[in-house]
file my_file_24.cif (mmCIF, C-alpha atoms)
data_entry
#
loop_
_atom_site.label_atom_id
_atom_site.label_comp_id
_atom_site.auth_asym_id
_atom_site.auth_seq_id
_atom_site.Cartn_x
_atom_site.Cartn_y
_atom_site.Cartn_z
CA LEU A 936 -11.03 -17.17 -5.85
CA LYS A 937 -12.78 -17.73 -2.54
CA ARG A 938 -11.80 -21.42 -2.60
CA PHE A 939 -8.16 -20.31 -2.37
CA GLY A 940 -8.82 -17.86 0.47
CA ILE A 941 -8.72 -14.81 -1.86
CA ILE A 942 -11.13 -11.97 -1.22
CA PRO A 943 -12.57 -10.64 -4.51
CA MET A 944 -12.63 -6.85 -4.05
CA ALA A 945 -14.19 -4.81 -6.84
CA TYR A 946 -12.48 -1.68 -8.12
CA VAL A 947 -14.94 1.22 -7.91
CA ALA A 948 -14.87 4.90 -8.83
CA PRO A 949 -17.71 6.02 -6.55
CA TYR A 950 -17.48 9.70 -7.28
CA ALA A 951 -16.85 9.64 -11.01
CA ALA A 952 -19.37 9.32 -13.83
CA SER A 953 -19.15 9.06 -17.59
CA LYS A 954 -20.93 11.71 -19.64
CA SER A 955 -23.85 9.37 -20.38
CA VAL A 956 -24.38 8.60 -16.68
CA TYR A 957 -23.92 12.26 -15.75
CA LYS A 958 -26.74 13.22 -18.11
CA HIS A 959 -29.13 10.95 -16.20
CA LEU A 960 -27.81 11.92 -12.75
CA PRO A 961 -26.65 15.55 -13.06
CA TYR A 962 -25.25 16.02 -9.54
CA PRO A 963 -21.65 17.12 -10.09
CA MET A 964 -19.03 18.11 -7.59
CA LYS A 965 -18.15 21.76 -8.07
CA TYR A 966 -15.43 24.27 -7.34
CA GLU A 967 -16.06 27.16 -4.97
CA ASP A 968 -16.87 29.38 -7.98
CA LYS A 969 -19.71 26.93 -8.88
CA THR A 970 -18.02 25.57 -12.02
CA VAL A 971 -18.43 21.85 -12.68
CA ARG A 972 -15.46 19.69 -11.70
CA VAL A 973 -14.15 17.13 -14.20
CA PHE A 974 -11.24 14.73 -14.74
CA SER A 975 -9.84 15.47 -18.17
CA ASP A 976 -7.31 14.25 -20.73
CA GLY A 977 -3.87 13.94 -19.16
CA GLY A 978 -5.28 12.96 -15.78
CA ARG A 979 -5.96 16.45 -14.49
CA GLN A 980 -8.74 17.91 -12.40
CA GLU A 981 -10.20 21.13 -13.72
CA SER A 982 -13.47 22.84 -14.47
CA GLU A 983 -15.53 21.67 -17.41
CA ASP A 984 -15.22 25.17 -18.89
CA SER A 985 -11.42 25.05 -18.62
CA ALA A 986 -11.26 21.68 -20.36
CA LYS A 987 -13.45 22.88 -23.23
CA THR A 988 -11.45 26.07 -23.66
CA ALA A 989 -8.19 24.11 -23.84
CA GLY A 990 -9.67 21.47 -26.13
CA ARG A 991 -9.08 18.67 -23.66
CA ALA A 992 -11.42 15.70 -23.65
CA VAL A 993 -13.43 15.15 -20.46
CA TRP A 994 -12.81 11.61 -19.25
CA PHE A 995 -15.48 11.78 -16.57
CA TYR A 996 -17.35 14.08 -14.20
CA LEU A 997 -16.62 14.17 -10.47
CA MET A 998 -19.84 13.76 -8.53
CA SER A 999 -21.37 15.13 -5.32
CA ILE A 1000 -20.82 12.73 -2.43
CA HIS A 1001 -22.01 14.67 0.62
CA PRO A 1002 -24.71 13.10 2.86
CA GLY A 1003 -28.13 13.54 1.28
CA SER A 1004 -26.80 13.84 -2.27
CA PRO A 1005 -28.82 11.79 -4.80
CA TRP A 1006 -25.54 10.53 -6.25
CA ARG A 1007 -24.37 9.23 -2.87
CA GLU A 1008 -27.65 7.36 -2.42
CA HIS A 1009 -27.35 5.98 -5.96
CA ILE A 1010 -23.79 4.70 -5.55
CA LEU A 1011 -24.46 3.10 -2.15
CA LYS A 1012 -27.40 1.20 -3.65
CA GLU A 1013 -25.22 -0.01 -6.54
CA LEU A 1014 -22.44 -1.16 -4.21
CA LYS A 1015 -24.85 -3.05 -1.98
CA GLY A 1016 -25.99 -4.89 -5.10
CA ALA A 1017 -22.40 -5.77 -5.98
CA VAL A 1018 -21.86 -7.31 -2.52
CA ALA A 1019 -25.10 -9.25 -2.80
CA TYR A 1020 -23.86 -10.51 -6.19
CA GLY A 1021 -20.71 -11.97 -4.63
CA PHE A 1022 -17.97 -9.36 -4.23
CA ASP A 1023 -16.42 -9.19 -0.77
CA GLY A 1024 -15.49 -5.53 -0.72
CA PHE A 1025 -14.24 -2.54 -2.66
CA HIS A 1026 -11.10 -0.73 -3.67
CA VAL A 1027 -12.32 2.89 -3.70
CA ASP A 1028 -10.30 4.94 -6.18
CA SER A 1029 -9.40 8.62 -5.92
CA TYR A 1030 -7.97 11.26 -8.21
CA GLY A 1031 -5.00 12.98 -6.61
CA HIS A 1032 -6.38 15.70 -4.35
CA GLY A 1033 -4.34 18.21 -2.38
CA THR A 1034 -4.05 17.89 1.40
CA ASP A 1035 -6.20 20.95 2.19
CA GLU A 1036 -8.45 20.81 -0.86
CA LYS A 1037 -12.07 21.85 -0.17
CA TYR A 1038 -15.26 20.10 -1.16
CA PHE A 1039 -18.29 21.75 -2.80
CA GLY A 1040 -21.43 19.93 -3.93
CA TYR A 1041 -23.90 20.43 -6.76
CA LYS A 1042 -25.95 22.67 -4.49
CA LYS A 1043 -25.42 24.30 -1.11
CA ASN A 1044 -25.01 21.75 1.69
CA ARG A 1045 -23.41 21.38 5.13
CA SER A 1046 -20.28 19.77 3.68
CA ASP A 1047 -19.44 22.75 1.47
CA GLY A 1048 -16.05 24.15 2.40
CA ASN A 1049 -15.05 21.07 4.41
CA ARG A 1050 -11.78 19.34 3.65
CA MET A 1051 -12.09 16.88 0.76
CA ALA A 1052 -10.27 14.25 2.86
CA ASP A 1053 -12.93 14.40 5.57
CA VAL A 1054 -15.85 14.21 3.15
CA LEU A 1055 -14.28 11.23 1.36
CA SER A 1056 -13.58 9.51 4.67
CA GLY A 1057 -17.28 9.78 5.51
CA LEU A 1058 -18.20 8.23 2.18
CA VAL A 1059 -15.76 5.33 2.60
CA ASP A 1060 -17.04 4.70 6.12
CA ASP A 1061 -20.62 4.59 4.83
CA ILE A 1062 -19.62 2.15 2.06
CA ARG A 1063 -17.85 -0.09 4.56
CA THR A 1064 -20.75 0.00 7.05
CA ALA A 1065 -23.40 -0.66 4.40
CA THR A 1066 -21.57 -3.57 2.78
CA GLN A 1067 -20.63 -5.24 6.07
CA LYS A 1068 -24.30 -5.40 7.00
CA ILE A 1069 -24.72 -7.67 3.97
CA GLN A 1070 -21.35 -9.46 4.13
CA PRO A 1071 -19.76 -9.13 7.60
CA ASN A 1072 -16.35 -10.23 6.31
CA SER A 1073 -16.25 -7.76 3.44
CA MET A 1074 -13.40 -5.26 3.25
CA THR A 1075 -13.20 -1.68 1.97
CA ILE A 1076 -10.07 0.32 1.22
CA PHE A 1077 -9.36 3.76 -0.22
CA ASN A 1078 -6.63 4.58 -2.72
CA SER A 1079 -4.62 7.23 -0.89
CA VAL A 1080 -2.80 8.54 -3.96
CA SER A 1081 0.62 9.75 -2.78
CA GLY A 1082 -0.59 9.52 0.82
CA PHE A 1083 -3.69 11.70 0.42
CA ALA A 1084 -6.20 11.29 3.30
CA ILE A 1085 -4.31 8.35 4.82
CA LYS A 1086 -4.81 9.72 8.35
CA GLU A 1087 -8.48 10.51 7.78
CA MET A 1088 -9.12 6.98 6.50
CA CYS A 1089 -7.97 5.30 9.72
CA GLY A 1090 -11.02 3.54 11.09
CA ALA A 1091 -12.98 4.05 7.87
CA GLU A 1092 -11.09 1.40 5.87
CA ASP A 1093 -9.96 -2.13 6.67
CA PHE A 1094 -6.31 -1.61 5.74
CA GLY A 1095 -4.25 1.21 4.32
CA PHE A 1096 -3.41 1.52 0.64
CA ILE A 1097 -1.02 4.07 -0.85
CA GLU A 1098 -0.41 4.39 -4.56
CA ASN A 1099 2.98 6.04 -4.24
CA TRP A 1100 4.29 8.10 -7.14
CA ALA A 1101 7.90 9.16 -7.59
CA GLY A 1102 6.89 12.80 -7.37
CA HIS A 1103 5.65 12.15 -3.83
CA SER A 1104 8.50 9.97 -2.57
CA SER A 1105 11.25 8.00 -4.30
CA ASP A 1106 13.44 7.47 -1.23
CA LEU A 1107 13.94 3.87 -0.05
CA GLU A 1108 14.12 4.76 3.65
CA GLU A 1109 10.92 6.80 3.31
CA LEU A 1110 9.34 3.71 1.73
CA CYS A 1111 10.15 1.79 4.94
CA ASP A 1112 8.53 4.53 7.02
CA MET A 1113 5.50 4.75 4.73
CA SER A 1114 4.94 1.01 5.08
CA ALA A 1115 5.08 1.30 8.86
CA ARG A 1116 2.14 3.70 9.15
CA ASP A 1117 -0.41 2.45 11.66
CA CYS A 1118 -3.96 2.24 10.32
CA GLY A 1119 -5.35 0.81 13.54
CA GLN A 1120 -7.36 -2.36 14.18
CA GLY A 1121 -4.33 -4.55 13.48
CA SER A 1122 -4.34 -3.57 9.82
CA ARG A 1123 -1.27 -3.04 7.68
CA MET A 1124 -0.20 -0.77 4.86
CA VAL A 1125 -0.20 -1.93 1.24
CA ILE A 1126 1.97 0.01 -1.21
CA ALA A 1127 1.77 0.22 -5.00
CA LEU A 1128 4.83 1.28 -7.02
CA TYR A 1129 5.13 1.09 -10.79
CA PRO A 1130 8.27 0.36 -12.89
CA LYS A 1131 7.11 2.87 -15.52
CA ASP A 1132 7.31 5.60 -12.86
CA SER A 1133 11.07 5.12 -12.47
CA VAL A 1134 13.83 6.89 -14.43
CA GLU A 1135 14.51 4.15 -17.00
CA LYS A 1136 10.81 3.11 -17.23
CA PRO A 1137 11.31 -0.66 -17.52
CA ASP A 1138 8.36 -3.00 -18.07
CA ILE A 1139 9.49 -5.14 -15.13
CA TRP A 1140 11.52 -4.38 -12.02
CA THR A 1141 15.15 -5.44 -12.15
CA ASP A 1142 16.26 -8.06 -9.64
CA GLU A 1143 18.19 -5.41 -7.69
CA THR A 1144 15.30 -2.96 -7.38
CA LEU A 1145 12.70 -5.67 -6.70
CA ARG A 1146 14.74 -6.85 -3.69
CA LEU A 1147 15.05 -3.29 -2.43
CA ILE A 1148 11.34 -2.42 -2.63
CA LEU A 1149 10.10 -5.76 -1.29
CA GLY A 1150 12.57 -5.47 1.57
CA ALA A 1151 11.67 -1.84 2.31
CA THR A 1152 7.93 -2.46 2.54
CA GLN A 1153 8.34 -5.58 4.69
CA THR A 1154 10.84 -3.76 6.92
CA GLY A 1155 8.03 -1.41 7.91
CA GLY A 1156 5.55 -4.27 8.29
CA GLY A 1157 3.73 -3.48 5.05
CA SER A 1158 3.12 -5.29 1.78
CA LEU A 1159 3.95 -4.43 -1.84
CA ILE A 1160 1.85 -4.97 -4.96
CA THR A 1161 4.10 -6.29 -7.75
CA LEU A 1162 1.83 -8.60 -9.77
CA GLY A 1163 -0.67 -7.83 -12.52
CA GLU A 1164 -3.52 -10.00 -13.71
CA PRO A 1165 -2.81 -13.75 -13.60
CA ASN A 1166 -1.82 -15.81 -16.61
CA LEU A 1167 -4.98 -17.78 -17.32
CA PHE A 1168 -3.17 -20.24 -19.61
CA GLY A 1169 -0.33 -21.35 -17.35
CA GLU A 1170 1.29 -21.07 -13.96
CA SER A 1171 3.53 -18.09 -14.72
CA MET A 1172 3.24 -14.72 -12.97
CA ASN A 1173 2.73 -11.37 -14.67
CA ALA A 1174 4.55 -8.27 -13.47
CA LEU A 1175 2.62 -5.04 -12.94
CA SER A 1176 4.05 -2.30 -15.17
CA ASP A 1177 1.93 0.78 -14.49
CA LEU A 1178 -1.31 1.96 -12.92
CA TYR A 1179 -3.41 0.28 -15.64
CA TYR A 1180 -3.45 -3.27 -14.30
CA PRO A 1181 -3.99 -5.07 -17.66
CA ASN A 1182 -0.62 -3.59 -18.76
CA HIS A 1183 1.36 -6.48 -17.35
CA LYS A 1184 4.35 -8.38 -18.70
CA LEU A 1185 5.45 -11.98 -18.26
CA MET A 1186 7.74 -12.07 -15.22
CA PRO A 1187 11.11 -13.84 -15.74
CA ALA A 1188 11.70 -16.99 -13.70
CA ASP A 1189 14.30 -15.37 -11.43
CA ARG A 1190 11.88 -12.55 -10.50
CA VAL A 1191 9.07 -15.08 -9.97
CA LYS A 1192 11.23 -16.98 -7.49
CA LEU A 1193 12.34 -13.80 -5.74
CA THR A 1194 8.76 -12.56 -5.38
CA HIS A 1195 7.59 -15.95 -4.11
CA ASP A 1196 10.43 -16.13 -1.59
CA PHE A 1197 9.67 -12.68 -0.15
CA TYR A 1198 5.89 -13.23 -0.03
CA HIS A 1199 6.32 -16.65 1.57
CA PHE A 1200 8.69 -15.13 4.10
CA ASP A 1201 6.16 -12.38 4.82
CA LEU A 1202 3.51 -15.01 5.46
CA SER A 1203 5.82 -16.81 7.90
CA LEU A 1204 6.13 -13.60 9.94
CA TYR A 1205 2.38 -13.30 10.50
CA GLY A 1206 1.85 -12.73 14.20
CA LEU A 1207 5.32 -11.24 14.52
CA THR A 1208 5.50 -8.23 12.17
CA HIS A 1209 1.87 -8.02 11.09
CA GLY A 1210 -1.51 -9.23 12.28
CA LYS A 1211 -3.69 -8.28 15.22
CA ASP A 1212 -2.25 -6.70 18.35
CA ILE A 1213 1.21 -6.07 16.90
CA SER A 1214 2.92 -2.87 18.01
CA ARG A 1215 5.66 -1.30 15.92
CA ARG A 1216 8.20 1.43 16.33
CA LYS A 1217 11.46 2.70 14.93
CA PRO A 1218 14.16 1.98 17.56
CA ASP A 1219 15.98 4.88 19.18
CA PHE A 1220 19.22 3.53 17.74
CA GLN A 1221 19.85 1.33 14.72
CA PRO A 1222 21.52 -2.10 15.06
CA HIS A 1223 24.39 -1.27 12.70
CA GLU A 1224 25.58 1.71 10.70
CA ASP A 1225 24.62 -0.05 7.45
CA VAL A 1226 21.31 -1.51 8.64
CA LEU A 1227 17.89 0.13 9.14
CA SER A 1228 15.47 -1.61 11.49
CA TYR A 1229 11.93 -1.55 12.83
CA GLU A 1230 10.88 -3.22 16.08
CA PHE A 1231 7.65 -5.21 16.40
CA GLU A 1232 6.18 -6.77 19.53
CA ASN A 1233 3.25 -9.17 19.91
CA THR A 1234 1.11 -9.97 22.95
CA HIS A 1235 3.56 -12.70 24.01
CA LYS A 1236 6.31 -10.05 24.26
CA MET A 1237 8.18 -11.64 21.35
CA ARG A 1238 10.16 -8.87 19.69
CA THR A 1239 11.03 -8.98 15.99
CA PHE A 1240 13.54 -6.60 14.46
CA THR A 1241 13.34 -6.31 10.68
CA LEU A 1242 16.70 -5.60 9.00
CA TYR A 1243 17.08 -3.50 5.85
CA ARG A 1244 20.43 -3.10 4.12
CA PRO A 1245 20.12 -1.10 0.87
CA GLY A 1246 23.87 -0.61 0.44
CA THR A 1247 24.68 2.46 -1.64
CA ASN A 1248 21.19 2.56 -3.16
CA LYS A 1249 18.98 5.49 -2.15
CA LYS A 1250 15.99 5.63 -4.50
CA TRP A 1251 13.68 3.04 -6.01
CA THR A 1252 13.33 5.17 -9.14
CA GLU A 1253 17.00 4.82 -10.14
CA LYS A 1254 19.07 2.03 -11.65
CA ASN A 1255 20.14 0.19 -8.51
CA ALA A 1256 23.28 -1.78 -7.83
CA ASP A 1257 23.50 -5.30 -6.43
CA VAL A 1258 23.99 -5.41 -2.67
CA PRO A 1259 26.66 -8.02 -1.88
CA GLU A 1260 25.90 -10.50 0.87
CA THR A 1261 27.65 -9.89 4.17
CA GLN A 1262 28.40 -12.64 6.68
CA ASN A 1263 28.70 -12.70 10.46
CA ILE A 1264 27.67 -9.07 10.89
CA VAL A 1265 27.25 -8.06 14.55
CA LEU A 1266 23.99 -6.27 15.39
CA THR A 1267 22.95 -4.52 18.61
CA PHE A 1268 19.39 -4.32 19.93
CA PRO A 1269 17.87 -2.68 23.02
CA GLY A 1270 16.41 -4.66 25.91
CA LYS A 1271 16.85 -8.21 27.13
CA ALA A 1272 16.34 -11.65 25.63
CA SER A 1273 16.32 -15.31 26.62
CA ARG A 1274 16.60 -16.72 23.09
CA ALA A 1275 17.33 -15.41 19.58
CA TRP A 1276 16.54 -16.55 16.04
CA TYR A 1277 17.41 -15.26 12.57
CA CYS A 1278 15.69 -15.61 9.19
CA THR A 1279 15.90 -14.12 5.69
CA PRO A 1280 14.10 -14.79 2.38
CA GLU A 1281 17.40 -14.50 0.49
CA ASN A 1282 19.16 -17.58 1.83
CA GLU A 1283 17.63 -21.07 1.75
CA ALA A 1284 19.46 -22.07 4.93
CA TYR A 1285 17.71 -19.33 6.91
CA ARG A 1286 14.30 -19.24 5.20
CA TYR A 1287 12.71 -20.14 8.54
CA PRO A 1288 13.89 -18.91 11.97
CA VAL A 1289 17.14 -20.53 13.03
CA PRO A 1290 18.53 -20.22 16.59
CA ILE A 1291 21.59 -17.96 16.81
CA PRO A 1292 23.92 -17.20 19.72
CA PHE A 1293 23.67 -13.84 21.49
CA ILE A 1294 25.35 -11.88 24.25
CA GLN A 1295 23.34 -10.05 26.92
CA GLU A 1296 25.07 -6.88 28.11
CA GLU A 1297 22.95 -5.11 30.74
CA ASN A 1298 20.08 -3.67 28.67
CA VAL A 1299 21.60 -4.47 25.28
CA VAL A 1300 21.50 -7.66 23.18
CA ARG A 1301 24.27 -8.41 20.67
CA VAL A 1302 23.81 -11.04 17.97
CA GLN A 1303 25.91 -12.22 15.06
CA VAL A 1304 23.84 -12.65 11.91
CA PRO A 1305 25.29 -15.38 9.68
CA SER A 1306 24.12 -14.01 6.31
CA LEU A 1307 22.45 -10.75 5.27
CA LYS A 1308 21.98 -9.36 1.78
CA VAL A 1309 19.10 -6.83 1.66
CA PHE A 1310 16.44 -8.03 4.09
CA GLY A 1311 16.09 -10.28 7.12
CA ALA A 1312 14.76 -10.42 10.68
CA VAL A 1313 15.99 -11.16 14.20
CA ILE A 1314 13.45 -12.53 16.68
CA LEU A 1315 14.05 -12.18 20.42
CA ALA A 1316 12.15 -14.04 23.14
CA PRO A 1317 11.54 -12.22 26.47
#
call {"tool": "encode", "arguments": {"input": "my_file_24.cif", "output": "structure tokens"}}
result
Amino acid sequence: LKRFGIIPMAYVAPYAASKSVYKHLPYPMKYEDKTVRVFSDGGRQESEDSAKTAGRAVWFYLMSIHPGSPWREHILKELKGAVAYGFDGFHVDSYGHGTDEKYFGYKKNRSDGNRMADVLSGLVDDIRTATQKIQPNSMTIFNSVSGFAIKEMCGAEDFGFIENWAGHSSDLEELCDMSARDCGQGSRMVIALYPKDSVEKPDIWTDETLRLILGATQTGGGSLITLGEPNLFGESMNALSDLYYPNHKLMPADRVKLTHDFYHFDLSLYGLTHGKDISRRKPDFQPHEDVLSYEFENTHKMRTFTLYRPGTNKKWTEKNADVPETQNIVLTFPGKASRAWYCTPENEAYRYPVPIPFIQEENVVRVQVPSLKVFGAVILAP
């Protein structure tokens, strides 16, 4: 993996323990009423007593993670060993907490009654600090399920990660905004969506929806996870179906090409819509009534406006219609420019930035985009 520039990040559940581990390290997280907190059948958090009464199997015990807890010391030691073994960081999982949920440890401590988000942020920061002392280039992220603790994790993780469920947000425009969240330090937001979480529950995204969600996340400057584990016996890609990553399906050739085109396009915009020292904002006015845009600016004052055109489609969870290509659409942007370029992953002729004519009208720039389907970008030089 490292030969290809890929960082091997281990998935970890640093505050969950199986029953056998819990027996050896009995330091559970608790509720305010002192009952033991567990994650039970059906993916719910409840007390151990509640699970037993209802006859639900306990999948694992949630563990005490406050500073000074024996479990915290244990897990930090284990993670340091994993970095020394060869992993370059961790994907820290979480279990769907409420925004104002409170933390309580196995015994009275200074963190009792504090917000769960703050206690978890402290843990993630400690994991990141400890592992970077061993491997300075290691990376640590936290799974902000449905946006939980995303603000608190700024500065504690190396880039943002939201596992977005339909119950939290299914709106395509909100997906653009979610992808544009600033995590600081030049980092970007990575989004996970699953086909099985949509209305028709397909194994693989349709062409129409895949365009819409790739375009939405890149409009905000973020990135989308669409692939499962690689095919070890060929060069084909596997599509991610649900939250259990081994549940992947062979991706059809048309979806493989579409995914490659969008990812390659995203790579070509490094230093323009993502990377260090890139500012982003939603413009005060949009370039066209049918087009949503975000504005990005780098240290050279190059401004890039991403263009998102979902057509009549509103939600990624629904069966979405094809968005017909439009040609020679006129777009309006604020400010001034000396040169203009256009690019889109959906047309071979404009895969890389191509110069386009523009008109400067006082503090407004008007351009005519030759071809736009769902997603593209206009780049303006100062």
call {"tool": "axis_aligned_box", "arguments": {"input": "my_file_24.cif", "around": "stretch 1145-1162 of chain A", "padding_each_side": "8 Å", "output": "JSON"}}
result
{"center_x": 8.4, "center_y": -5.0, "center_z": -0.7, "size_x": 29.2, "size_y": 23.2, "size_z": 34.1}
call {"tool": "resolve_selection", "arguments": {"input": "my_file_24.cif", "expression": "the PyMOL selection byres ((chain A and resi 1086-1089) around 9)", "output": "list in words"}}
result
Ala1052, Asp1053, Leu1055, Ser1056, Gly1057, Val1059, Asp1060, Ile1076, Phe1077, Ser1079, Gly1082, Phe1083, Ala1084, Ile1085, Gly1090, Ala1091, Glu1092, Asp1093, Phe1094, Gly1095, Asp1117, Cys1118, Gly1119 and Gln1120 of chain A
call {"tool": "closest_residue", "arguments": {"input": "my_file_24.cif", "among": "A:Val971, A:Ile1062, A:Leu1128, A:Leu1110", "to": "A:Met1074", "atoms": "all atoms listed in the file"}}
result
A:Ile1062
call {"tool": "closest_atom_pairs", "arguments": {"input": "my_file_24.cif", "of": "stretch 1198-1222 of chain A", "to": "stretch 1146-1158 of chain A", "cutoff": "10 Å", "atoms": "all atoms listed in the file", "output": "CSV"}}
result
residue,atom,partner,partner_atom,distance
A:Tyr1198,CA,A:Ser1158,CA,8.6
A:Phe1200,CA,A:Gln1153,CA,9.6
A:Asp1201,CA,A:Gln1153,CA,7.1
A:Leu1204,CA,A:Gly1156,CA,9.5
A:Tyr1205,CA,A:Gly1156,CA,9.8
A:Leu1207,CA,A:Gly1156,CA,9.4
A:Thr1208,CA,A:Gly1156,CA,5.5
A:His1209,CA,A:Gly1156,CA,6.0
A:Gly1210,CA,A:Gly1156,CA,9.5
A:Ile1213,CA,A:Gly1156,CA,9.8
A:Arg1215,CA,A:Gly1156,CA,8.2
A:Arg1216,CA,A:Gly1155,CA,8.9
A:Lys1217,CA,A:Gly1155,CA,8.8
call {"tool": "resolve_selection", "arguments": {"input": "my_file_24.cif", "expression": "the PyMOL selection byres ((chain A and resi 1028-1032) around 10)", "output": "NGL selection string"}}
result
:A and (946-951 or 974 or 978-980 or 997 or 1025-1027 or 1033-1037 or 1051-1052 or 1055 or 1076-1084 or 1098)
call {"tool": "atom_distance", "arguments": {"input": "my_file_24.cif", "atom1": "atom CA of A:Thr1239", "atom2": "atom CA of A:Val1313"}}
result
5.7 Å
call {"tool": "atom_distance", "arguments": {"input": "my_file_24.cif", "atom1": "atom CA of A:Phe1268", "atom2": "atom CA of A:Lys1249"}}
result
24.2 Å
call {"tool": "closest_residue", "arguments": {"input": "my_file_24.cif", "among": "A:Glu1143, A:Glu1008, A:Glu1224, A:Asp984", "to": "A:Lys969", "atoms": "all atoms listed in the file"}}
result
A:Asp984
call {"tool": "closest_residue", "arguments": {"input": "my_file_24.cif", "among": "A:Asp976, A:Asp1138, A:Asp1177, A:Glu1260", "to": "A:Leu1307", "atoms": "only C-alpha atoms"}}
result
A:Glu1260
call {"tool": "atom_distance", "arguments": {"input": "my_file_24.cif", "atom1": "atom CA of A:Asp1132", "atom2": "atom CA of A:Asn1099"}}
result
9.7 Å
call {"tool": "closest_residue", "arguments": {"input": "my_file_24.cif", "among": "A:Thr1252, A:Tyr996, A:Thr1075, A:His1001", "to": "A:Ser1046", "atoms": "all atoms listed in the file"}}
result
A:His1001
call {"tool": "closest_residue", "arguments": {"input": "my_file_24.cif", "among": "A:Val1302, A:Val1134, A:Val956, A:Val973", "to": "A:Lys1254", "atoms": "only C-alpha atoms"}}
result
A:Val1134
call {"tool": "resolve_selection", "arguments": {"input": "my_file_24.cif", "expression": "the PyMOL selection byres ((chain A and resi 968) around 12)", "output": "PyMOL selection string"}}
result
chain A and resi 964-967+969-972+982+984+1037-1042+1047-1048
call {"tool": "residues_near_point", "arguments": {"input": "my_file_24.cif", "point": "(-9.0, 17.1, -20.4)", "cutoff": "6 Å", "atoms": "all atoms listed in the file", "output": "short mmCIF file (atom, residue, chain, number, x, y, z; two decimals) with C-alpha atoms, keeping the file's coordinate frame"}}
result
data_model
loop_
_atom_site.label_atom_id
_atom_site.label_comp_id
_atom_site.auth_asym_id
_atom_site.auth_seq_id
_atom_site.Cartn_x
_atom_site.Cartn_y
_atom_site.Cartn_z
CA SER A 975 -9.84 15.47 -18.17
CA ASP A 976 -7.31 14.25 -20.73
CA ALA A 986 -11.26 21.68 -20.36
CA ARG A 991 -9.08 18.67 -23.66
CA ALA A 992 -11.42 15.70 -23.65
CA VAL A 993 -13.43 15.15 -20.46
#
call {"tool": "residues_around", "arguments": {"input": "my_file_24.cif", "residues": "A:Ser1073", "least_positions_apart": "4", "cutoff": "10 Å", "atoms": "only C-alpha atoms", "output": "MDAnalysis selection string"}}
result
chainID A and resid 942:944 1018 1022:1025 1063:1064 1066:1069 1093
call {"tool": "closest_residue", "arguments": {"input": "my_file_24.cif", "among": "A:Pro1259, A:Pro1218, A:Gly1270, A:Pro1292", "to": "A:Lys1308", "atoms": "only C-alpha atoms"}}
result
A:Pro1259
call {"tool": "residues_around", "arguments": {"input": "my_file_24.cif", "residues": "A:Glu1108", "least_positions_apart": "2", "cutoff": "9 Å", "atoms": "only C-alpha atoms", "output": "compact mmCIF listing (two decimals) with C-alpha atoms, in the frame of the given file"}}
result
# COMPACT_ATOMS: atom_id res chain seq x y z
CA ASP A 1106 13.44 7.47 -1.23
CA LEU A 1110 9.34 3.71 1.73
CA CYS A 1111 10.15 1.79 4.94
CA ASP A 1112 8.53 4.53 7.02
CA MET A 1113 5.50 4.75 4.73
CA ALA A 1151 11.67 -1.84 2.31
CA LEU A 1227 17.89 0.13 9.14
CA PRO A 1245 20.12 -1.10 0.87
CA LYS A 1249 18.98 5.49 -2.15
CA LYS A 1250 15.99 5.63 -4.50
